[in-house]
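Structure file protein32.txt with compact mmCIF, N, CA and C atoms:
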```
# COMPACT_ATOMS: atom_id res chain seq x y z
N GLN U 1 -9.64 4.71 -18.64
CA GLN U 1 -8.42 5.23 -18.02
C GLN U 1 -8.40 4.82 -16.55
N VAL U 2 -7.23 4.38 -16.11
CA VAL U 2 -7.08 3.91 -14.74
C VAL U 2 -6.72 5.07 -13.82
N HIS U 3 -7.39 5.12 -12.69
CA HIS U 3 -7.07 6.11 -11.67
C HIS U 3 -6.82 5.39 -10.35
N VAL U 4 -5.75 5.81 -9.69
CA VAL U 4 -5.41 5.29 -8.37
C VAL U 4 -5.20 6.49 -7.45
N VAL U 5 -5.99 6.58 -6.40
CA VAL U 5 -5.95 7.77 -5.56
C VAL U 5 -5.82 7.37 -4.10
N GLU U 6 -4.79 7.89 -3.44
CA GLU U 6 -4.57 7.63 -2.02
C GLU U 6 -5.19 8.74 -1.17
N SER U 7 -5.54 8.39 0.05
CA SER U 7 -6.02 9.39 1.00
C SER U 7 -5.71 8.91 2.40
N GLY U 8 -5.76 9.84 3.36
CA GLY U 8 -5.61 9.46 4.76
C GLY U 8 -4.28 9.80 5.39
N GLY U 9 -3.37 10.37 4.63
CA GLY U 9 -2.09 10.73 5.21
C GLY U 9 -2.23 11.89 6.19
N GLY U 10 -1.16 12.16 6.91
CA GLY U 10 -1.18 13.27 7.85
C GLY U 10 -0.05 13.19 8.85
N LEU U 11 -0.20 13.96 9.90
CA LEU U 11 0.80 14.04 10.97
C LEU U 11 0.30 13.27 12.18
N VAL U 12 1.15 12.43 12.72
CA VAL U 12 0.77 11.63 13.89
C VAL U 12 1.99 11.50 14.80
N GLN U 13 1.73 11.36 16.08
CA GLN U 13 2.82 11.19 17.03
C GLN U 13 3.32 9.74 17.02
N ALA U 14 4.55 9.58 17.37
CA ALA U 14 5.12 8.23 17.46
C ALA U 14 4.27 7.39 18.42
N GLY U 15 4.04 6.16 18.02
CA GLY U 15 3.21 5.26 18.80
C GLY U 15 1.75 5.29 18.40
N GLY U 16 1.39 6.25 17.58
CA GLY U 16 0.01 6.38 17.15
C GLY U 16 -0.33 5.52 15.95
N SER U 17 -1.56 5.70 15.47
CA SER U 17 -2.06 4.92 14.35
C SER U 17 -2.59 5.83 13.25
N LEU U 18 -2.59 5.30 12.05
CA LEU U 18 -3.11 6.02 10.89
C LEU U 18 -3.59 4.99 9.89
N GLN U 19 -4.60 5.37 9.13
CA GLN U 19 -5.14 4.45 8.14
C GLN U 19 -5.10 5.14 6.77
N LEU U 20 -4.48 4.51 5.81
CA LEU U 20 -4.43 5.03 4.46
C LEU U 20 -5.41 4.25 3.59
N SER U 21 -6.12 4.96 2.73
CA SER U 21 -7.03 4.31 1.80
C SER U 21 -6.60 4.58 0.38
N CYS U 22 -6.92 3.64 -0.48
CA CYS U 22 -6.60 3.76 -1.89
C CYS U 22 -7.83 3.35 -2.69
N ALA U 23 -8.28 4.23 -3.55
CA ALA U 23 -9.41 3.93 -4.42
C ALA U 23 -8.91 3.81 -5.85
N ALA U 24 -9.28 2.73 -6.50
CA ALA U 24 -8.85 2.49 -7.87
C ALA U 24 -10.07 2.35 -8.78
N SER U 25 -9.97 2.89 -9.96
CA SER U 25 -11.05 2.80 -10.92
C SER U 25 -10.48 2.58 -12.32
N GLY U 26 -11.34 2.09 -13.21
CA GLY U 26 -10.91 1.88 -14.59
C GLY U 26 -10.14 0.60 -14.82
N LEU U 27 -10.18 -0.29 -13.85
CA LEU U 27 -9.48 -1.56 -13.99
C LEU U 27 -10.30 -2.66 -13.35
N ALA U 28 -9.96 -3.89 -13.63
CA ALA U 28 -10.63 -5.04 -13.02
C ALA U 28 -10.08 -5.21 -11.61
N PHE U 29 -10.58 -4.41 -10.71
CA PHE U 29 -9.97 -4.29 -9.38
C PHE U 29 -9.85 -5.63 -8.67
N SER U 30 -10.93 -6.38 -8.64
CA SER U 30 -10.91 -7.62 -7.87
C SER U 30 -9.85 -8.60 -8.39
N ARG U 31 -9.48 -8.47 -9.65
CA ARG U 31 -8.51 -9.38 -10.26
C ARG U 31 -7.08 -8.83 -10.20
N SER U 32 -6.90 -7.73 -9.51
CA SER U 32 -5.58 -7.09 -9.45
C SER U 32 -4.98 -7.18 -8.06
N ALA U 33 -3.72 -7.59 -8.00
CA ALA U 33 -2.99 -7.48 -6.75
C ALA U 33 -2.78 -5.99 -6.46
N MET U 34 -2.76 -5.65 -5.20
CA MET U 34 -2.58 -4.25 -4.81
C MET U 34 -1.41 -4.15 -3.84
N GLY U 35 -0.71 -3.04 -3.91
CA GLY U 35 0.44 -2.88 -3.02
C GLY U 35 0.60 -1.45 -2.53
N TRP U 36 1.34 -1.33 -1.44
CA TRP U 36 1.73 -0.03 -0.90
C TRP U 36 3.25 0.04 -0.87
N PHE U 37 3.76 1.18 -1.28
CA PHE U 37 5.18 1.47 -1.25
C PHE U 37 5.37 2.82 -0.58
N ARG U 38 6.59 3.11 -0.18
CA ARG U 38 6.85 4.42 0.41
C ARG U 38 8.22 4.93 0.02
N GLN U 39 8.35 6.24 0.06
CA GLN U 39 9.63 6.86 -0.26
C GLN U 39 9.91 7.96 0.75
N ALA U 40 10.96 7.78 1.52
CA ALA U 40 11.40 8.78 2.48
C ALA U 40 12.36 9.75 1.78
N PRO U 41 12.51 10.94 2.32
CA PRO U 41 13.41 11.92 1.70
C PRO U 41 14.81 11.36 1.53
N GLY U 42 15.35 11.50 0.34
CA GLY U 42 16.70 11.05 0.07
C GLY U 42 16.87 9.55 -0.08
N LYS U 43 15.77 8.83 -0.09
CA LYS U 43 15.85 7.37 -0.19
C LYS U 43 15.07 6.87 -1.40
N GLU U 44 15.36 5.62 -1.77
CA GLU U 44 14.63 4.99 -2.86
C GLU U 44 13.24 4.58 -2.37
N ARG U 45 12.33 4.48 -3.32
CA ARG U 45 11.00 3.97 -2.97
C ARG U 45 11.13 2.49 -2.61
N GLU U 46 10.43 2.11 -1.55
CA GLU U 46 10.54 0.75 -1.05
C GLU U 46 9.17 0.12 -0.82
N PHE U 47 9.17 -1.17 -0.83
CA PHE U 47 7.96 -1.95 -0.61
C PHE U 47 7.51 -1.86 0.84
N VAL U 48 6.20 -1.79 1.05
CA VAL U 48 5.63 -1.78 2.40
C VAL U 48 4.73 -3.01 2.61
N ALA U 49 3.72 -3.15 1.77
CA ALA U 49 2.77 -4.25 1.95
C ALA U 49 2.05 -4.53 0.64
N ALA U 50 1.55 -5.75 0.50
CA ALA U 50 0.81 -6.12 -0.69
C ALA U 50 -0.25 -7.15 -0.35
N ILE U 51 -1.25 -7.21 -1.22
CA ILE U 51 -2.34 -8.16 -1.03
C ILE U 51 -2.71 -8.74 -2.39
N SER U 52 -2.99 -10.02 -2.42
CA SER U 52 -3.29 -10.69 -3.68
C SER U 52 -4.69 -10.34 -4.17
N SER U 53 -4.95 -10.71 -5.40
CA SER U 53 -6.24 -10.41 -6.01
C SER U 53 -7.36 -11.26 -5.38
N TRP U 54 -8.57 -10.97 -5.84
CA TRP U 54 -9.78 -11.65 -5.36
C TRP U 54 -9.92 -11.51 -3.84
N SER U 55 -9.89 -12.57 -3.09
CA SER U 55 -10.17 -12.49 -1.66
C SER U 55 -9.04 -11.90 -0.84
N GLY U 56 -7.89 -11.69 -1.45
CA GLY U 56 -6.75 -11.19 -0.68
C GLY U 56 -6.21 -12.26 0.25
N PHE U 57 -6.25 -13.47 -0.20
CA PHE U 57 -5.82 -14.60 0.64
C PHE U 57 -4.38 -14.45 1.08
N THR U 58 -3.56 -13.91 0.18
CA THR U 58 -2.14 -13.76 0.48
C THR U 58 -1.79 -12.31 0.75
N THR U 59 -1.08 -12.08 1.83
CA THR U 59 -0.54 -10.76 2.12
C THR U 59 0.97 -10.87 2.31
N ASN U 60 1.63 -9.75 2.15
CA ASN U 60 3.09 -9.73 2.19
C ASN U 60 3.50 -8.40 2.81
N TYR U 61 4.47 -8.43 3.70
CA TYR U 61 4.89 -7.22 4.40
C TYR U 61 6.40 -7.10 4.41
N ALA U 62 6.87 -5.88 4.34
CA ALA U 62 8.29 -5.62 4.55
C ALA U 62 8.62 -5.91 6.01
N ASP U 63 9.83 -6.35 6.25
CA ASP U 63 10.24 -6.66 7.63
C ASP U 63 10.07 -5.46 8.56
N ALA U 64 10.30 -4.28 8.02
CA ALA U 64 10.26 -3.07 8.86
C ALA U 64 8.88 -2.77 9.41
N VAL U 65 7.85 -3.32 8.78
CA VAL U 65 6.48 -3.00 9.21
C VAL U 65 5.71 -4.23 9.70
N LYS U 66 6.33 -5.38 9.57
CA LYS U 66 5.65 -6.62 9.96
C LYS U 66 5.25 -6.57 11.43
N GLY U 67 4.01 -6.93 11.70
CA GLY U 67 3.51 -6.90 13.07
C GLY U 67 2.92 -5.56 13.48
N ARG U 68 3.15 -4.52 12.69
CA ARG U 68 2.60 -3.18 13.00
C ARG U 68 1.58 -2.72 11.97
N PHE U 69 1.77 -3.11 10.73
CA PHE U 69 0.89 -2.69 9.64
C PHE U 69 0.03 -3.86 9.18
N GLY U 70 -1.16 -3.54 8.68
CA GLY U 70 -2.03 -4.53 8.08
C GLY U 70 -2.58 -4.00 6.76
N ILE U 71 -2.87 -4.88 5.83
CA ILE U 71 -3.44 -4.48 4.55
C ILE U 71 -4.71 -5.28 4.33
N SER U 72 -5.72 -4.60 3.80
CA SER U 72 -6.99 -5.27 3.51
C SER U 72 -7.58 -4.67 2.24
N ARG U 73 -8.53 -5.38 1.65
CA ARG U 73 -9.17 -4.87 0.44
C ARG U 73 -10.68 -5.08 0.52
N ASP U 74 -11.40 -4.19 -0.18
CA ASP U 74 -12.84 -4.29 -0.28
C ASP U 74 -13.18 -4.21 -1.77
N ASN U 75 -13.43 -5.34 -2.37
CA ASN U 75 -13.67 -5.38 -3.81
C ASN U 75 -14.99 -4.72 -4.21
N ALA U 76 -15.93 -4.68 -3.29
CA ALA U 76 -17.20 -4.02 -3.59
C ALA U 76 -17.02 -2.51 -3.73
N LYS U 77 -16.02 -1.99 -3.05
CA LYS U 77 -15.78 -0.54 -3.09
C LYS U 77 -14.54 -0.17 -3.90
N ASN U 78 -13.86 -1.17 -4.43
CA ASN U 78 -12.62 -0.94 -5.19
C ASN U 78 -11.59 -0.17 -4.35
N THR U 79 -11.44 -0.59 -3.12
CA THR U 79 -10.50 0.09 -2.24
C THR U 79 -9.56 -0.89 -1.55
N VAL U 80 -8.41 -0.41 -1.22
CA VAL U 80 -7.45 -1.15 -0.41
C VAL U 80 -6.98 -0.22 0.71
N THR U 81 -6.83 -0.78 1.90
CA THR U 81 -6.51 0.02 3.07
C THR U 81 -5.23 -0.47 3.72
N LEU U 82 -4.41 0.49 4.13
CA LEU U 82 -3.21 0.18 4.90
C LEU U 82 -3.44 0.66 6.32
N HIS U 83 -3.46 -0.27 7.24
CA HIS U 83 -3.68 0.04 8.65
C HIS U 83 -2.30 0.12 9.31
N MET U 84 -1.96 1.29 9.81
CA MET U 84 -0.62 1.50 10.37
C MET U 84 -0.73 1.75 11.86
N ASN U 85 -0.08 0.92 12.63
CA ASN U 85 -0.11 1.02 14.10
C ASN U 85 1.31 1.14 14.64
N ARG U 86 1.40 1.63 15.86
CA ARG U 86 2.70 1.78 16.55
C ARG U 86 3.71 2.46 15.61
N LEU U 87 3.28 3.57 15.08
CA LEU U 87 4.11 4.27 14.10
C LEU U 87 5.38 4.81 14.74
N LYS U 88 6.42 4.84 13.91
CA LYS U 88 7.73 5.31 14.34
C LYS U 88 8.15 6.48 13.44
N PRO U 89 9.04 7.33 13.92
CA PRO U 89 9.52 8.43 13.06
C PRO U 89 10.09 7.93 11.74
N GLU U 90 10.68 6.77 11.75
CA GLU U 90 11.27 6.24 10.51
C GLU U 90 10.20 5.77 9.51
N ASP U 91 8.95 5.79 9.89
CA ASP U 91 7.86 5.50 8.95
C ASP U 91 7.49 6.74 8.14
N THR U 92 8.06 7.87 8.48
CA THR U 92 7.78 9.10 7.74
C THR U 92 8.19 8.95 6.28
N ALA U 93 7.25 9.20 5.38
CA ALA U 93 7.50 9.02 3.96
C ALA U 93 6.26 9.43 3.18
N VAL U 94 6.43 9.50 1.87
CA VAL U 94 5.27 9.56 0.98
C VAL U 94 4.88 8.13 0.66
N TYR U 95 3.61 7.82 0.88
CA TYR U 95 3.12 6.47 0.67
C TYR U 95 2.35 6.39 -0.65
N TYR U 96 2.70 5.41 -1.45
CA TYR U 96 2.10 5.22 -2.76
C TYR U 96 1.31 3.92 -2.82
N CYS U 97 0.15 4.00 -3.43
CA CYS U 97 -0.65 2.82 -3.71
C CYS U 97 -0.38 2.40 -5.15
N ALA U 98 -0.33 1.10 -5.37
CA ALA U 98 -0.07 0.58 -6.71
C ALA U 98 -1.02 -0.56 -7.02
N ALA U 99 -1.44 -0.62 -8.28
CA ALA U 99 -2.34 -1.68 -8.74
C ALA U 99 -1.64 -2.51 -9.81
N GLY U 100 -1.81 -3.82 -9.66
CA GLY U 100 -1.19 -4.70 -10.63
C GLY U 100 -2.10 -4.94 -11.83
N ARG U 101 -1.57 -5.63 -12.82
CA ARG U 101 -2.35 -6.04 -13.98
C ARG U 101 -3.26 -7.19 -13.56
N VAL U 102 -4.15 -7.56 -14.46
CA VAL U 102 -5.06 -8.67 -14.16
C VAL U 102 -4.23 -9.91 -13.82
N ASP U 103 -4.55 -10.51 -12.66
CA ASP U 103 -3.73 -11.59 -12.15
C ASP U 103 -4.59 -12.43 -11.22
N ASP U 104 -4.89 -13.62 -11.63
CA ASP U 104 -5.75 -14.48 -10.83
C ASP U 104 -4.95 -15.42 -9.92
N SER U 105 -3.68 -15.17 -9.79
CA SER U 105 -2.87 -15.98 -8.87
C SER U 105 -3.04 -15.46 -7.45
N ALA U 106 -2.55 -16.19 -6.53
CA ALA U 106 -2.62 -15.77 -5.12
C ALA U 106 -1.30 -15.15 -4.70
N SER U 107 -0.81 -14.24 -5.54
CA SER U 107 0.49 -13.63 -5.27
C SER U 107 0.33 -12.20 -4.77
N ALA U 108 1.11 -11.86 -3.78
CA ALA U 108 1.16 -10.50 -3.25
C ALA U 108 2.56 -9.99 -3.52
N TYR U 109 2.69 -9.18 -4.56
CA TYR U 109 3.99 -8.84 -5.11
C TYR U 109 4.70 -7.72 -4.34
N SER U 110 5.99 -7.87 -4.20
CA SER U 110 6.79 -6.85 -3.51
C SER U 110 7.67 -6.05 -4.46
N GLU U 111 7.70 -6.42 -5.73
CA GLU U 111 8.53 -5.70 -6.70
C GLU U 111 7.72 -4.61 -7.39
N GLN U 112 8.30 -3.46 -7.53
CA GLN U 112 7.61 -2.35 -8.18
C GLN U 112 7.26 -2.67 -9.62
N SER U 113 8.07 -3.45 -10.25
CA SER U 113 7.85 -3.80 -11.66
C SER U 113 6.62 -4.68 -11.85
N ASP U 114 6.08 -5.23 -10.77
CA ASP U 114 4.87 -6.04 -10.87
C ASP U 114 3.60 -5.20 -10.87
N TYR U 115 3.75 -3.90 -10.72
CA TYR U 115 2.60 -3.01 -10.66
C TYR U 115 2.57 -2.08 -11.86
N ALA U 116 1.36 -1.94 -12.41
CA ALA U 116 1.21 -1.17 -13.64
C ALA U 116 0.72 0.25 -13.41
N TYR U 117 0.00 0.45 -12.32
CA TYR U 117 -0.66 1.74 -12.11
C TYR U 117 -0.32 2.25 -10.71
N TRP U 118 -0.04 3.55 -10.63
CA TRP U 118 0.41 4.16 -9.38
C TRP U 118 -0.39 5.41 -9.07
N GLY U 119 -0.58 5.64 -7.79
CA GLY U 119 -1.18 6.89 -7.35
C GLY U 119 -0.12 7.97 -7.20
N GLN U 120 -0.58 9.15 -6.80
CA GLN U 120 0.31 10.30 -6.66
C GLN U 120 1.01 10.33 -5.30
N GLY U 121 0.53 9.57 -4.38
CA GLY U 121 1.15 9.50 -3.06
C GLY U 121 0.47 10.37 -2.04
N THR U 122 0.63 9.99 -0.78
CA THR U 122 0.11 10.76 0.33
C THR U 122 1.17 10.81 1.43
N GLN U 123 1.36 11.98 2.01
CA GLN U 123 2.44 12.17 2.99
C GLN U 123 2.02 11.67 4.36
N VAL U 124 2.90 10.92 4.97
CA VAL U 124 2.75 10.50 6.36
C VAL U 124 3.96 11.00 7.13
N THR U 125 3.69 11.75 8.18
CA THR U 125 4.77 12.29 9.01
C THR U 125 4.55 11.84 10.45
N VAL U 126 5.55 11.20 11.02
CA VAL U 126 5.48 10.71 12.38
C VAL U 126 6.46 11.52 13.22
N SER U 127 5.93 12.23 14.20
CA SER U 127 6.77 13.07 15.05
C SER U 127 7.22 12.31 16.29
N GLN U 128 8.30 12.79 16.90
CA GLN U 128 8.84 12.13 18.11
C GLN U 128 7.86 12.25 19.26
```

Please re-express this file's structure in structure tokens.
Amino acid sequence: QVHVVESGGGLVQAGGSLQLSCAASGLAFSRSAMGWFRQAPGKEREFVAAISSWSGFTTNYADAVKGRFGISRDNAKNTVTLHMNRLKPEDTAVYYCAAGRVDDSASAYSEQSDYAYWGQGTQVTVSQ
């Protein structure tokens, strides 16, 4: 059984930083692309960042977070991390980690349909 669990959410002031972690088990982690999505109140869930399988050679970011967020993976620990810097109030959302199916391509997917497994989400709140 696959488990995807996020951690690290919380309350932070605008301009601050936060790091979200995602631990995945029950899947061939190193062979899976990983992604982060978020959903703000009253809005659709949207893509934030993604990293390709294996070495994570390819990364992909939404325009809204490009230059402020970074994504990395540690295959030895089956974890993926979202590094969030210069946070803005509009970054407030529930952040979801997603794991793709086995995929040996160097693709970092931005479509939700490319991900098979999802975590429960972690709340990030950015105050003024």

At a cut-off of 5 Å, can you tabulate as CSV every residue of stretch 82-121 of chain U near stretch 33-49 of chain U together with its closest atom pair and the distance in Å to one decimal, using all atoms listed in the file and ordering rows by chain then number?
```
residue,atom,partner,partner_atom,distance
U:Thr92,C,U:Ala40,CA,5.0
U:Ala93,CA,U:Gln39,C,4.2
U:Val94,N,U:Gln39,C,4.0
U:Tyr95,CA,U:Arg38,CA,4.3
U:Tyr96,N,U:Phe37,C,3.8
U:Cys97,CA,U:Gly35,C,4.6
U:Ala98,N,U:Gly35,C,3.9
U:Ala99,CA,U:Met34,CA,4.7
U:Gly100,N,U:Ala33,C,4.0
```

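Using only N, CA and C atoms, the nearest neighbour of U:His3 within the list U:Ala62, U:Gln19, U:Ile51, U:Ser25 is U:Ser25.
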
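What separates atom N of U:Leu20 from atom N of U:Asp91 is a distance of 14.1 Å.
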
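Proximity ranking of U:Ser7, U:Gln13, U:Ser72, U:Ser127 relative to U:Thr58 places U:Ser72 first, based on only C-alpha atoms.
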
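The gap separating atom CA of U:Gly9 from atom N of U:Lys88 is 13.5 Å, in Å to one decimal.
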
Find the residues near U:Gly26: any atom within 12 Å, counting only C-alpha atoms, skip ones fewer than 5 places away on the same chain, and give them as a PyMOL selection string. chain U and resi 1-5+32+78+99+101+117

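Distances to U:Ala24 were evaluated for U:Ile71, U:Val126, U:Val80, U:Ala116 using only C-alpha atoms, and the minimum falls at U:Val80.
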